[in-house]
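Data from structure.txt: compact mmCIF, C-alpha atoms and all ligand atoms
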# COMPACT_ATOMS: atom_id res chain seq x y z
CA MET A 1120 -14.00 28.41 6.11
CA ARG A 1121 -14.15 25.33 8.34
CA THR A 1122 -11.93 25.21 11.46
CA ASP A 1123 -9.91 22.01 11.61
CA GLN A 1124 -10.78 20.57 15.02
CA TYR A 1125 -9.21 17.16 14.38
CA GLN A 1126 -7.73 15.26 17.29
CA GLY A 1127 -5.84 11.99 16.92
CA HIS A 1128 -7.47 8.82 18.25
CA ASP A 1129 -5.28 6.23 19.93
CA TYR A 1130 -7.58 3.67 21.55
CA TYR A 1131 -4.89 1.04 22.13
CA LEU A 1132 -2.21 3.49 23.32
CA MET A 1133 -0.13 2.94 20.23
CA ASP A 1134 1.84 6.10 20.91
CA GLU A 1135 3.68 4.10 23.57
CA LEU A 1136 5.07 1.96 20.74
CA LEU A 1137 6.38 4.99 18.83
CA THR A 1138 9.72 6.74 19.30
CA GLU A 1139 10.09 10.44 20.08
CA GLU A 1140 11.19 10.94 16.47
CA HIS A 1141 8.04 9.27 15.14
CA LYS A 1142 5.85 11.54 17.25
CA LEU A 1143 7.81 14.68 16.30
CA VAL A 1144 7.50 13.90 12.59
CA ARG A 1145 3.78 13.16 12.89
CA ASP A 1146 2.99 16.20 15.02
CA ALA A 1147 4.93 18.57 12.75
CA ALA A 1148 3.05 17.26 9.71
CA ARG A 1149 -0.28 17.56 11.55
CA ALA A 1150 0.45 21.16 12.59
CA TRP A 1151 1.48 22.12 9.05
CA VAL A 1152 -1.64 20.52 7.56
CA LYS A 1153 -3.92 22.30 10.03
CA LYS A 1154 -2.31 25.68 9.38
CA GLU A 1155 -1.68 25.58 5.64
CA VAL A 1156 -3.93 23.00 4.02
CA SER A 1157 -7.14 22.52 5.99
CA PRO A 1158 -8.25 26.14 5.43
CA ILE A 1159 -8.06 25.78 1.64
CA ILE A 1160 -8.75 22.11 0.98
CA GLU A 1161 -12.49 22.28 0.29
CA LYS A 1162 -12.10 25.13 -2.22
CA THR A 1163 -9.08 23.45 -3.81
CA TRP A 1164 -11.00 20.20 -4.20
CA GLU A 1165 -13.95 22.02 -5.75
CA ASP A 1166 -11.62 23.86 -8.15
CA GLY A 1167 -10.08 20.51 -9.13
CA ILE A 1168 -6.47 21.68 -9.03
CA PHE A 1169 -3.50 20.56 -6.98
CA PRO A 1170 -2.39 23.58 -4.88
CA ARG A 1171 1.19 23.93 -6.12
CA HIS A 1172 2.08 26.65 -3.62
CA LEU A 1173 2.07 23.85 -1.00
CA ILE A 1174 5.10 22.11 -2.55
CA PRO A 1175 7.75 23.87 -0.37
CA GLY A 1176 5.67 23.10 2.73
CA LEU A 1177 5.37 19.44 1.80
CA ALA A 1178 9.15 19.36 1.39
CA SER A 1179 9.67 21.11 4.73
CA VAL A 1180 7.76 18.43 6.69
CA GLY A 1181 9.82 15.72 4.97
CA ALA A 1182 7.04 14.39 2.75
CA PHE A 1183 9.31 14.08 -0.31
CA GLY A 1184 11.62 11.11 0.18
CA PRO A 1185 11.20 10.63 3.95
CA TYR A 1186 13.23 7.40 3.93
CA ILE A 1187 15.76 8.43 1.26
CA PRO A 1188 19.20 8.97 2.87
CA GLU A 1189 20.13 12.52 3.83
CA GLU A 1190 23.16 12.53 1.51
CA TYR A 1191 20.66 12.63 -1.38
CA GLY A 1192 18.47 15.28 0.23
CA GLY A 1193 15.96 12.87 1.82
CA ALA A 1194 14.95 12.96 5.48
CA GLY A 1195 16.67 9.66 6.36
CA LEU A 1196 13.68 8.52 8.43
CA ASP A 1197 12.44 5.00 9.03
CA GLN A 1198 9.38 3.34 7.51
CA ILE A 1199 7.12 4.13 10.47
CA SER A 1200 7.85 7.86 10.23
CA TYR A 1201 7.14 7.61 6.49
CA GLY A 1202 3.82 5.93 7.27
CA LEU A 1203 2.85 8.48 9.91
CA LEU A 1204 3.57 11.29 7.46
CA MET A 1205 1.29 9.70 4.88
CA GLN A 1206 -1.39 9.25 7.56
CA GLU A 1207 -1.32 12.95 8.45
CA LEU A 1208 -1.44 14.08 4.82
CA GLU A 1209 -4.34 11.79 3.93
CA ARG A 1210 -6.12 12.75 7.14
CA CYS A 1211 -6.52 16.03 5.29
CA ASP A 1212 -6.93 14.75 1.72
CA SER A 1213 -5.99 11.67 -0.32
CA GLY A 1214 -4.85 13.91 -3.19
CA LEU A 1215 -2.31 15.66 -0.98
CA ARG A 1216 -0.96 12.26 0.12
CA SER A 1217 -0.96 11.01 -3.47
CA THR A 1218 1.32 13.82 -4.60
CA ALA A 1219 3.78 12.99 -1.83
CA SER A 1220 3.50 9.22 -2.41
CA VAL A 1221 4.23 9.52 -6.11
CA GLN A 1222 7.19 11.82 -5.53
CA SER A 1223 8.69 9.60 -2.78
CA SER A 1224 7.88 6.02 -3.67
CA LEU A 1225 7.32 6.10 -7.40
CA VAL A 1226 9.94 8.63 -8.51
CA MET A 1227 12.65 9.00 -5.83
CA TYR A 1228 12.57 5.33 -4.81
CA PRO A 1229 13.27 3.91 -8.32
CA ILE A 1230 15.98 6.50 -8.95
CA TYR A 1231 17.57 5.67 -5.59
CA LYS A 1232 17.20 1.87 -5.89
CA TYR A 1233 17.57 1.24 -9.61
CA GLY A 1234 19.53 4.31 -10.70
CA ASN A 1235 23.29 4.88 -10.81
CA GLU A 1236 25.19 7.37 -8.66
CA GLU A 1237 25.12 10.06 -11.33
CA GLN A 1238 21.32 9.81 -11.64
CA ARG A 1239 20.88 9.86 -7.85
CA LYS A 1240 22.99 13.00 -7.49
CA LYS A 1241 21.35 14.71 -10.44
CA TYR A 1242 17.70 14.16 -9.51
CA LEU A 1243 17.20 13.21 -5.85
CA PRO A 1244 18.15 16.48 -4.07
CA LYS A 1245 15.89 18.52 -6.36
CA LEU A 1246 13.03 16.06 -5.90
CA ALA A 1247 13.47 16.13 -2.10
CA SER A 1248 13.33 19.94 -1.99
CA GLY A 1249 10.34 20.09 -4.33
CA GLU A 1250 12.33 22.13 -6.85
CA CYS A 1251 11.50 19.31 -9.24
CA ILE A 1252 8.25 17.27 -9.23
CA GLY A 1253 8.05 13.82 -10.76
CA CYS A 1254 5.42 11.37 -11.97
CA PHE A 1255 5.32 7.62 -12.60
CA GLY A 1256 4.06 6.19 -15.87
CA LEU A 1257 3.01 2.56 -15.70
CA THR A 1258 -0.73 2.34 -16.54
CA GLU A 1259 -1.71 2.44 -20.21
CA PRO A 1260 -5.11 2.89 -21.86
CA ASP A 1261 -5.41 -0.89 -22.43
CA HIS A 1262 -3.25 -2.14 -19.55
CA GLY A 1263 -4.28 -1.29 -15.99
CA SER A 1264 -4.36 -4.33 -13.70
CA ASN A 1265 -2.12 -6.12 -16.18
CA PRO A 1266 0.84 -3.73 -16.61
CA GLY A 1267 3.03 -6.53 -17.96
CA GLY A 1268 1.01 -6.34 -21.19
CA MET A 1269 2.18 -2.75 -21.82
CA VAL A 1270 2.89 -1.69 -25.40
CA SER A 1271 5.02 1.42 -24.76
CA ASN A 1272 8.42 0.61 -26.18
CA PHE A 1273 11.85 1.97 -27.00
CA LYS A 1274 14.42 1.16 -29.66
CA ASP A 1275 18.19 1.43 -29.36
CA MET A 1276 19.26 4.01 -31.95
CA GLY A 1277 22.98 3.81 -31.14
CA ASP A 1278 23.51 7.12 -29.33
CA HIS A 1279 19.97 7.39 -27.84
CA TYR A 1280 16.70 5.49 -27.31
CA LEU A 1281 13.56 6.24 -29.32
CA LEU A 1282 10.47 6.03 -27.08
CA ASN A 1283 6.89 5.55 -28.32
CA GLY A 1284 3.59 4.87 -26.57
CA ALA A 1285 1.13 6.40 -24.13
CA LYS A 1286 0.32 6.24 -20.44
CA MET A 1287 -2.87 7.38 -18.76
CA TRP A 1288 -4.18 8.12 -15.27
CA ILE A 1289 -0.80 9.54 -14.27
CA SER A 1290 -0.80 11.55 -11.02
CA ASN A 1291 1.20 14.83 -11.15
CA ALA A 1292 1.69 14.41 -14.94
CA PRO A 1293 0.33 17.85 -15.94
CA PHE A 1294 3.03 19.74 -14.04
CA ALA A 1295 5.81 17.21 -13.41
CA GLN A 1296 9.26 18.09 -14.73
CA VAL A 1297 10.38 14.45 -14.87
CA ALA A 1298 8.60 11.15 -15.47
CA VAL A 1299 9.82 7.69 -14.54
CA VAL A 1300 8.38 5.75 -17.48
CA TRP A 1301 8.15 1.98 -17.85
CA ALA A 1302 8.53 0.66 -21.40
CA LYS A 1303 9.69 -2.46 -23.21
CA ASP A 1304 12.98 -2.81 -25.08
CA GLU A 1305 13.18 -4.61 -28.44
CA GLY A 1306 13.37 -7.93 -26.62
CA GLY A 1307 10.13 -7.20 -24.71
CA ARG A 1308 11.84 -6.59 -21.34
CA ILE A 1309 10.51 -3.76 -19.14
CA HIS A 1310 12.90 -0.95 -18.14
CA GLY A 1311 12.55 2.39 -16.37
CA LEU A 1312 13.50 5.55 -18.28
CA ILE A 1313 13.71 9.08 -16.93
CA VAL A 1314 11.90 11.34 -19.38
CA GLU A 1315 12.19 15.10 -18.93
CA ARG A 1316 9.65 17.78 -19.80
CA GLY A 1317 10.81 19.60 -22.89
CA MET A 1318 12.05 16.51 -24.74
CA GLU A 1319 10.68 16.73 -28.28
CA GLY A 1320 7.60 14.55 -28.84
CA PHE A 1321 6.75 14.29 -25.11
CA SER A 1322 3.42 15.80 -23.99
CA THR A 1323 1.28 15.56 -20.82
CA PRO A 1324 -2.39 16.37 -21.53
CA THR A 1325 -4.50 16.92 -18.39
CA MET A 1326 -7.37 14.50 -17.70
CA HIS A 1327 -10.60 16.24 -16.70
CA GLY A 1328 -13.96 15.16 -15.29
CA LYS A 1329 -12.84 13.35 -12.11
CA TRP A 1330 -15.31 13.22 -9.21
CA SER A 1331 -12.52 11.85 -7.03
CA LEU A 1332 -9.03 12.95 -6.02
CA ARG A 1333 -9.84 16.41 -7.31
CA ALA A 1334 -7.03 18.08 -5.35
CA SER A 1335 -4.50 16.00 -7.32
CA ASP A 1336 -3.68 16.65 -10.97
CA THR A 1337 -3.96 13.64 -13.28
CA GLY A 1338 -2.88 13.39 -16.90
CA GLU A 1339 -1.64 11.33 -19.80
CA LEU A 1340 1.93 10.87 -20.94
CA VAL A 1341 2.29 10.73 -24.72
CA PHE A 1342 5.58 9.70 -26.38
CA ASP A 1343 5.85 10.34 -30.08
CA ASN A 1344 9.36 9.34 -31.19
CA VAL A 1345 10.93 10.86 -28.07
CA LYS A 1346 14.75 10.78 -28.13
CA VAL A 1347 15.79 9.72 -24.63
CA PRO A 1348 19.51 9.94 -23.77
CA LYS A 1349 21.03 6.57 -22.91
CA ALA A 1350 22.15 8.05 -19.57
CA ASN A 1351 18.44 8.20 -18.58
CA LEU A 1352 17.87 4.43 -18.45
CA LEU A 1353 17.69 3.09 -14.87
CA PRO A 1354 20.43 0.47 -15.07
CA ASN A 1355 20.14 -1.57 -11.88
CA LYS A 1356 16.83 -3.40 -12.25
CA SER A 1357 14.59 -4.43 -15.14
CA GLY A 1358 11.53 -6.63 -15.65
CA LEU A 1359 8.06 -6.20 -14.14
CA GLY A 1360 9.53 -6.62 -10.64
CA ALA A 1361 11.12 -3.17 -10.97
CA PRO A 1362 7.86 -1.12 -11.11
CA LEU A 1363 6.22 -3.58 -8.70
CA GLY A 1364 8.98 -2.87 -6.16
CA CYS A 1365 8.07 0.84 -6.31
CA LEU A 1366 4.40 -0.05 -5.88
CA ASP A 1367 5.20 -2.00 -2.70
CA SER A 1368 6.63 1.15 -1.18
CA ALA A 1369 3.71 3.31 -2.31
CA ARG A 1370 1.06 0.77 -1.26
CA TYR A 1371 2.60 0.62 2.20
CA GLY A 1372 2.22 4.42 2.41
CA ILE A 1373 -1.40 4.13 1.23
CA ALA A 1374 -2.13 1.63 4.02
CA TRP A 1375 -1.15 4.33 6.55
CA GLY A 1376 -2.79 7.11 4.55
CA ALA A 1377 -6.16 5.36 4.52
CA ILE A 1378 -6.09 5.23 8.33
CA GLY A 1379 -5.74 9.03 8.24
CA ALA A 1380 -8.86 9.44 6.10
CA ALA A 1381 -10.77 7.04 8.37
CA LEU A 1382 -9.61 8.92 11.49
CA ASP A 1383 -10.82 12.22 10.07
CA CYS A 1384 -14.27 10.78 9.26
CA TYR A 1385 -14.52 9.16 12.70
CA ASP A 1386 -13.35 12.32 14.46
CA SER A 1387 -15.94 14.42 12.68
CA ALA A 1388 -18.72 11.87 13.26
CA LEU A 1389 -17.92 11.53 16.96
CA ARG A 1390 -17.98 15.29 17.51
CA TYR A 1391 -21.14 15.74 15.44
CA SER A 1392 -22.92 12.94 17.31
CA MET A 1393 -22.36 14.72 20.61
CA GLU A 1394 -23.37 18.16 19.28
CA ARG A 1395 -26.42 17.26 17.22
CA GLN A 1396 -29.60 16.94 19.27
CA GLN A 1397 -32.74 15.07 18.18
CA PHE A 1398 -35.65 14.04 20.38
CA GLY A 1399 -34.05 16.19 23.10
CA ARG A 1400 -30.84 14.15 23.28
CA PRO A 1401 -27.48 14.08 21.49
CA ILE A 1402 -27.76 11.56 18.65
CA GLY A 1403 -24.59 9.94 20.05
CA SER A 1404 -26.67 8.71 22.99
CA PHE A 1405 -28.78 6.46 20.73
CA GLN A 1406 -27.66 2.85 20.49
CA LEU A 1407 -27.72 2.76 16.69
CA GLN A 1408 -25.29 5.70 16.42
CA GLN A 1409 -23.07 4.24 19.15
CA LYS A 1410 -22.90 0.97 17.20
CA LYS A 1411 -21.59 2.87 14.19
CA LEU A 1412 -19.01 4.78 16.26
CA ALA A 1413 -17.92 1.69 18.20
CA GLU A 1414 -17.41 -0.30 15.01
CA MET A 1415 -15.49 2.57 13.43
CA ILE A 1416 -12.96 2.88 16.25
CA THR A 1417 -12.64 -0.93 16.41
CA GLU A 1418 -11.78 -1.13 12.71
CA ILE A 1419 -9.41 1.85 12.92
CA THR A 1420 -7.62 0.29 15.88
CA LYS A 1421 -7.22 -3.06 14.07
CA ALA A 1422 -5.82 -1.25 11.03
CA GLN A 1423 -3.42 0.81 13.17
CA LEU A 1424 -1.99 -2.34 14.77
CA LEU A 1425 -1.75 -4.22 11.45
CA THR A 1426 0.03 -1.31 9.83
CA LEU A 1427 2.42 -0.60 12.68
CA ARG A 1428 3.52 -4.24 12.60
CA LEU A 1429 3.96 -3.99 8.84
CA GLY A 1430 6.13 -0.91 9.42
CA GLN A 1431 8.30 -2.86 11.87
CA LEU A 1432 8.71 -5.63 9.29
CA ARG A 1433 9.61 -3.08 6.62
CA ASN A 1434 12.19 -1.52 8.91
CA GLU A 1435 13.75 -4.97 9.20
CA GLY A 1436 13.47 -5.60 5.43
CA ARG A 1437 11.14 -8.54 6.06
CA ALA A 1438 7.71 -7.32 4.83
CA THR A 1439 6.47 -9.31 1.84
CA SER A 1440 4.56 -7.85 -1.11
CA ALA A 1441 1.58 -9.98 -0.11
CA GLN A 1442 1.59 -8.56 3.42
CA ILE A 1443 1.58 -5.07 1.94
CA SER A 1444 -1.33 -6.02 -0.34
CA MET A 1445 -3.34 -7.21 2.64
CA ALA A 1446 -2.81 -3.94 4.52
CA LYS A 1447 -3.55 -1.73 1.49
CA ARG A 1448 -6.72 -3.62 0.70
CA ASN A 1449 -7.98 -3.87 4.27
CA ASN A 1450 -7.27 -0.29 5.24
CA VAL A 1451 -8.69 1.41 2.16
CA ASN A 1452 -11.86 -0.67 2.34
CA MET A 1453 -12.10 0.06 6.06
CA ALA A 1454 -11.75 3.81 5.41
CA LEU A 1455 -14.40 3.75 2.69
CA ASP A 1456 -16.84 1.88 4.95
CA ILE A 1457 -16.19 4.39 7.73
CA ALA A 1458 -16.71 7.33 5.36
CA ARG A 1459 -20.10 5.90 4.37
CA GLU A 1460 -21.17 5.35 7.98
CA ALA A 1461 -19.87 8.77 9.03
CA ARG A 1462 -21.89 10.34 6.23
CA GLN A 1463 -25.05 8.86 7.71
CA ILE A 1464 -24.24 10.08 11.22
CA HIS A 1465 -23.97 13.61 9.82
CA GLY A 1466 -27.44 13.30 8.27
CA ALA A 1467 -28.05 15.83 5.51
CA MET A 1468 -25.09 17.92 6.66
CA GLY A 1469 -22.91 14.98 5.69
CA ILE A 1470 -23.39 15.68 2.01
CA THR A 1471 -22.10 19.26 2.28
CA ASN A 1472 -18.60 20.69 2.23
CA GLU A 1473 -19.11 21.90 5.81
CA TYR A 1474 -17.71 18.50 6.72
CA PRO A 1475 -14.92 16.51 5.03
CA ILE A 1476 -16.85 13.25 4.68
CA MET A 1477 -18.05 13.29 1.07
CA ARG A 1478 -14.65 14.50 -0.11
CA HIS A 1479 -12.91 11.62 1.67
CA MET A 1480 -15.51 9.17 0.36
CA CYS A 1481 -15.07 10.33 -3.24
CA ASN A 1482 -11.27 10.32 -2.91
CA LEU A 1483 -11.21 6.81 -1.50
CA GLU A 1484 -12.99 5.52 -4.61
CA SER A 1485 -9.71 6.24 -6.45
CA VAL A 1486 -7.54 4.91 -3.67
CA ILE A 1487 -9.39 1.59 -3.66
CA THR A 1488 -8.69 1.27 -7.42
CA TYR A 1489 -5.20 2.67 -7.94
CA GLU A 1490 -1.95 0.92 -7.04
CA GLY A 1491 -3.72 -2.42 -7.48
CA THR A 1492 -7.49 -2.71 -7.24
CA HIS A 1493 -9.35 -4.16 -4.26
CA ASP A 1494 -9.93 -7.34 -6.31
CA ILE A 1495 -6.33 -7.73 -7.40
CA HIS A 1496 -5.01 -7.40 -3.84
CA LEU A 1497 -7.44 -10.08 -2.72
CA LEU A 1498 -6.14 -12.34 -5.50
CA ILE A 1499 -2.57 -11.64 -4.38
CA THR A 1500 -3.47 -12.83 -0.86
CA GLY A 1501 -5.26 -15.82 -2.38
CA MET A 1502 -2.19 -16.68 -4.42
CA ASP A 1503 0.07 -16.24 -1.41
CA VAL A 1504 -1.87 -18.66 0.77
CA THR A 1505 -2.63 -21.27 -1.91
CA GLY A 1506 0.35 -20.99 -4.25
CA GLU A 1507 -2.11 -20.76 -7.18
CA SER A 1508 -2.49 -17.59 -9.28
CA ALA A 1509 -6.15 -16.86 -10.08
CA PHE A 1510 -5.50 -13.74 -12.12
CA LYS A 1511 -3.29 -14.71 -15.02
C1 LIG A 1601 -6.87 9.13 -9.69
C2 LIG A 1601 -5.97 8.07 -10.21
C3 LIG A 1601 -4.59 8.27 -10.21
C4 LIG A 1601 -3.74 7.28 -10.74
N1 LIG A 1601 -2.38 7.51 -10.76
C5 LIG A 1601 -1.56 6.64 -11.42
C6 LIG A 1601 -0.16 6.93 -11.59
O1 LIG A 1601 0.35 7.93 -11.08
N2 LIG A 1601 0.59 6.09 -12.34
C7 LIG A 1601 0.06 4.97 -12.92
O2 LIG A 1601 0.81 4.26 -13.58
N3 LIG A 1601 -1.26 4.65 -12.76
C8 LIG A 1601 -2.08 5.46 -12.03
N4 LIG A 1601 -3.43 5.17 -11.89
C9 LIG A 1601 -3.98 4.00 -12.56
C10 LIG A 1601 -4.38 2.87 -11.64
O3 LIG A 1601 -3.25 2.26 -11.07
C11 LIG A 1601 -5.26 1.91 -12.44
O4 LIG A 1601 -6.50 2.56 -12.64
C12 LIG A 1601 -5.44 0.57 -11.74
O5 LIG A 1601 -4.27 -0.20 -11.78
C13 LIG A 1601 -6.60 -0.27 -12.36
O6 LIG A 1601 -6.49 -0.31 -13.73
P1 LIG A 1601 -7.79 0.02 -14.64
O7 LIG A 1601 -8.38 1.29 -14.16
O8 LIG A 1601 -7.35 -0.05 -16.05
O9 LIG A 1601 -8.82 -1.12 -14.32
P2 LIG A 1601 -8.89 -2.59 -14.99
O10 LIG A 1601 -7.58 -3.26 -14.88
O11 LIG A 1601 -9.50 -2.46 -16.33
O12 LIG A 1601 -9.90 -3.30 -14.01
C14 LIG A 1601 -11.33 -3.11 -14.10
C15 LIG A 1601 -11.98 -4.06 -13.09
O13 LIG A 1601 -11.66 -5.41 -13.44
C16 LIG A 1601 -11.09 -6.08 -12.32
N5 LIG A 1601 -10.08 -7.04 -12.79
C17 LIG A 1601 -9.04 -6.81 -13.63
N6 LIG A 1601 -8.33 -7.94 -13.81
C18 LIG A 1601 -8.93 -8.89 -13.06
C19 LIG A 1601 -8.66 -10.28 -12.81
N7 LIG A 1601 -7.60 -10.92 -13.36
N8 LIG A 1601 -9.47 -10.96 -11.98
C20 LIG A 1601 -10.53 -10.34 -11.41
N9 LIG A 1601 -10.85 -9.06 -11.60
C21 LIG A 1601 -10.05 -8.34 -12.42
C22 LIG A 1601 -10.46 -4.97 -11.48
O14 LIG A 1601 -10.34 -5.37 -10.11
C23 LIG A 1601 -11.46 -3.84 -11.67
O15 LIG A 1601 -12.53 -3.98 -10.76
C24 LIG A 1601 -4.29 6.10 -11.29
C25 LIG A 1601 -5.68 5.90 -11.23
C26 LIG A 1601 -6.50 6.86 -10.70
C27 LIG A 1601 -8.00 6.61 -10.66

When written as structure tokens, how does the structure in this file appear?
Amino acid sequence: MRTDQYQGHDYYLMDELLTEEHKLVRDAARAWVKKEVSPIIEKTWEDGIFPRHLIPGLASVGAFGPYIPEEYGGAGLDQISYGLLMQELERCDSGLRSTASVQSSLVMYPIYKYGNEEQRKKYLPKLASGECIGCFGLTEPDHGSNPGGMVSNFKDMGDHYLLNGAKMWISNAPFAQVAVVWAKDEGGRIHGLIVERGMEGFSTPTMHGKWSLRASDTGELVFDNVKVPKANLLPNKSGLGAPLGCLDSARYGIAWGAIGAALDCYDSALRYSMERQQFGRPIGSFQLQQKKLAEMITEITKAQLLTLRLGQLRNEGRATSAQISMAKRNNVNMALDIAREARQIHGAMGITNEYPIMRHMCNLESVITYEGTHDIHLLITGMDVTGESAFK
């Protein structure tokens, strides 16, 4: 079992820009991860199963609904604390962060923002405590980057809705008790519905064969004439903007999370470069290895500053979707580049599970695709600066 020797890296003294609360939240999450998750993560990843016994611990560090108000069971924290939590979880594993992101931003957020008071009181406290786990069904077999083309639909049957369709690539689906599902009404308008496990005609087959995000469970959602109570429709927002609003919140968390994965790769590479001797010297004393390390910490530092500023804007309610796209795209790509460089610094050892590098690298291949691909986020920036949409 590998000892987690990770130390944070703060080249531009960013801690001075954080509050005591931010640092407490981050340090508590880091301590929990080191004690409870790091010792089992490699085995868990190899087994390809999300470690469900960690759910109470995730709840205890505030990872479920960090910014949801305390009256609904959330932690009532700001956006920077939320980001730092995601950073610490993904520093360990992107799958761990994904489970928390889905629960917070894709399940609790829509219920809080688009739900009514009854729905908030019924679902949010149980989701915050981890008693109930949720998933978010937007992607369909034939509609990934273009979710507006979805074919899942529901009909008004008078006293209930009848839901049909299928979703795929859904994180947490195999064990979630509730699903926030996006489907079109008879007029073709998109709405969110809360579908509960046990409803007749609703199944969640597990998807197998992933070489990425193996510590997160992924599945399909299949709706075969599912009777959904009318009380389960999210009443306060409809249209494609509703799921996209949730994605803004999750993508913001990913931007922080990716910094965590990059920091872990850099941390491991820096330590290895000072320990590993070749030609009678630590490999970290060679210029070529120093170039890699210097470029890594430069890119991490730029991402940290970009993302902290984004967090400030989100705290003020001023961050735009396009700004979030830029941070998600930049940071995930940065983390993937760093994982590849770190792998080389570790030489052959870099391909083993003695070090976290290959696991991060494989995970980040999902992170660069989900919640808007690398290409789509670039096109969002392009549209934002030119006013012209290149993707539809
Ligand atoms: C591990 C994992 C977990 C996931 N979890 C969830 C979840 O919980 N809930 C959920 O709803 N979804 C989830 N997803 C799905 C994810 O959001 C989609 O995979 C993603 O949106 C991309 O869709 P796609 O895979 O169908 O790719 P496609 O949309 O088919 O894209 C294929 C390629 O074409 C490019 N492309 C597409 N359109 C354009 C265009 N207009 N211009 C230029 N290039 C274009 C893309 O950039 C990409 O490179 C998950 C995915 C993974 C891998």

Computed interatomic separation between atom CA of Gly1249 of chain A and atom CA of Pro1229 of chain A (Å):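 Separation of atom CA of Gly1249 of chain A and atom CA of Pro1229 of chain A: 16.9 Å.
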
Selection near Asn1291 of chain A, 10 Å with only C-alpha atoms, sequence-local residues under 4 positions removed, as an MDAnalysis selection string: chainID A and resid 1169 1217:1219 1221:1222 1252:1255 1295:1298 1323 1325 1335:1339

Long-range neighbours of Tyr1231 of chain A as a PyMOL selection string, 10 Å cut-off, all atoms listed in the file, 3 positions minimum in chain: chain A and resi 1184+1187-1188+1191+1224+1226-1228+1234-1236+1238-1240+1242-1243+1353+1355

Atomic separation - atom CA of Leu1208 of chain A relative to atom CA of Met1480 of chain A, Å: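 Atom CA of Leu1208 of chain A lies at a distance of 15.6 Å from atom CA of Met1480 of chain A.
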
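Residues within 12 Å of Thr1138 of chain A, counting only C-alpha atoms and excluding same-chain residues fewer than 2 positions away, are Met1133, Asp1134, Glu1135, Leu1136, Glu1140, His1141, Lys1142, Leu1143, Val1144, Arg1145, Leu1196, Asp1197, Ile1199, Ser1200 and Leu1203 of chain A.
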
Writer output for current selection, C-alpha atoms, as a short mmCIF file (atom, residue, chain, number, x, y, z; two decimals), keeping the file's coordinate frame:
data_model
loop_
_atom_site.label_atom_id
_atom_site.label_comp_id
_atom_site.auth_asym_id
_atom_site.auth_seq_id
_atom_site.Cartn_x
_atom_site.Cartn_y
_atom_site.Cartn_z
CA MET A 1133 -0.13 2.94 20.23
CA ASP A 1134 1.84 6.10 20.91
CA GLU A 1135 3.68 4.10 23.57
CA LEU A 1136 5.07 1.96 20.74
CA GLU A 1140 11.19 10.94 16.47
CA HIS A 1141 8.04 9.27 15.14
CA LYS A 1142 5.85 11.54 17.25
CA LEU A 1143 7.81 14.68 16.30
CA VAL A 1144 7.50 13.90 12.59
CA ARG A 1145 3.78 13.16 12.89
CA LEU A 1196 13.68 8.52 8.43
CA ASP A 1197 12.44 5.00 9.03
CA ILE A 1199 7.12 4.13 10.47
CA SER A 1200 7.85 7.86 10.23
CA LEU A 1203 2.85 8.48 9.91
#

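Minimum atom-to-atom distance to Gln1463 of chain A, evaluated using all atoms listed in the file, belongs to A:Ser1392 out of A:Thr1500, A:Ser1404, A:Ser1392, A:Thr1505.
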
Residue nearest Pro1185 of chain A among A:Ile1160, A:Arg1210, A:Gly1167, A:Ser1368 (counting all atoms listed in the file):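 Closest to Pro1185 of chain A of all the choices is A:Ser1368.
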
Between atom CA of Arg1370 of chain A and atom CA of Glu1315 of chain A - distance in Å to one decimal: 25.3 Å

Selection near Glu1207 of chain A, 8 Å with only C-alpha atoms, sequence-local residues under 4 positions removed, as a short mmCIF file (atom, residue, chain, number, x, y, z; two decimals) with C-alpha atoms, in the coordinates of the input:
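Writing done, so here's out_30.cif:
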data_model
loop_
_atom_site.label_atom_id
_atom_site.label_comp_id
_atom_site.auth_asym_id
_atom_site.auth_seq_id
_atom_site.Cartn_x
_atom_site.Cartn_y
_atom_site.Cartn_z
CA ARG A 1145 3.78 13.16 12.89
CA ALA A 1148 3.05 17.26 9.71
CA ARG A 1149 -0.28 17.56 11.55
CA VAL A 1152 -1.64 20.52 7.56
CA LEU A 1203 2.85 8.48 9.91
CA CYS A 1211 -6.52 16.03 5.29
CA GLY A 1376 -2.79 7.11 4.55
CA GLY A 1379 -5.74 9.03 8.24
#

Using all atoms listed in the file: which of A:Tyr1201, A:Tyr1130, A:Trp1151, A:Tyr1391 has the shortest distance to Trp1375 of chain A: A:Tyr1201
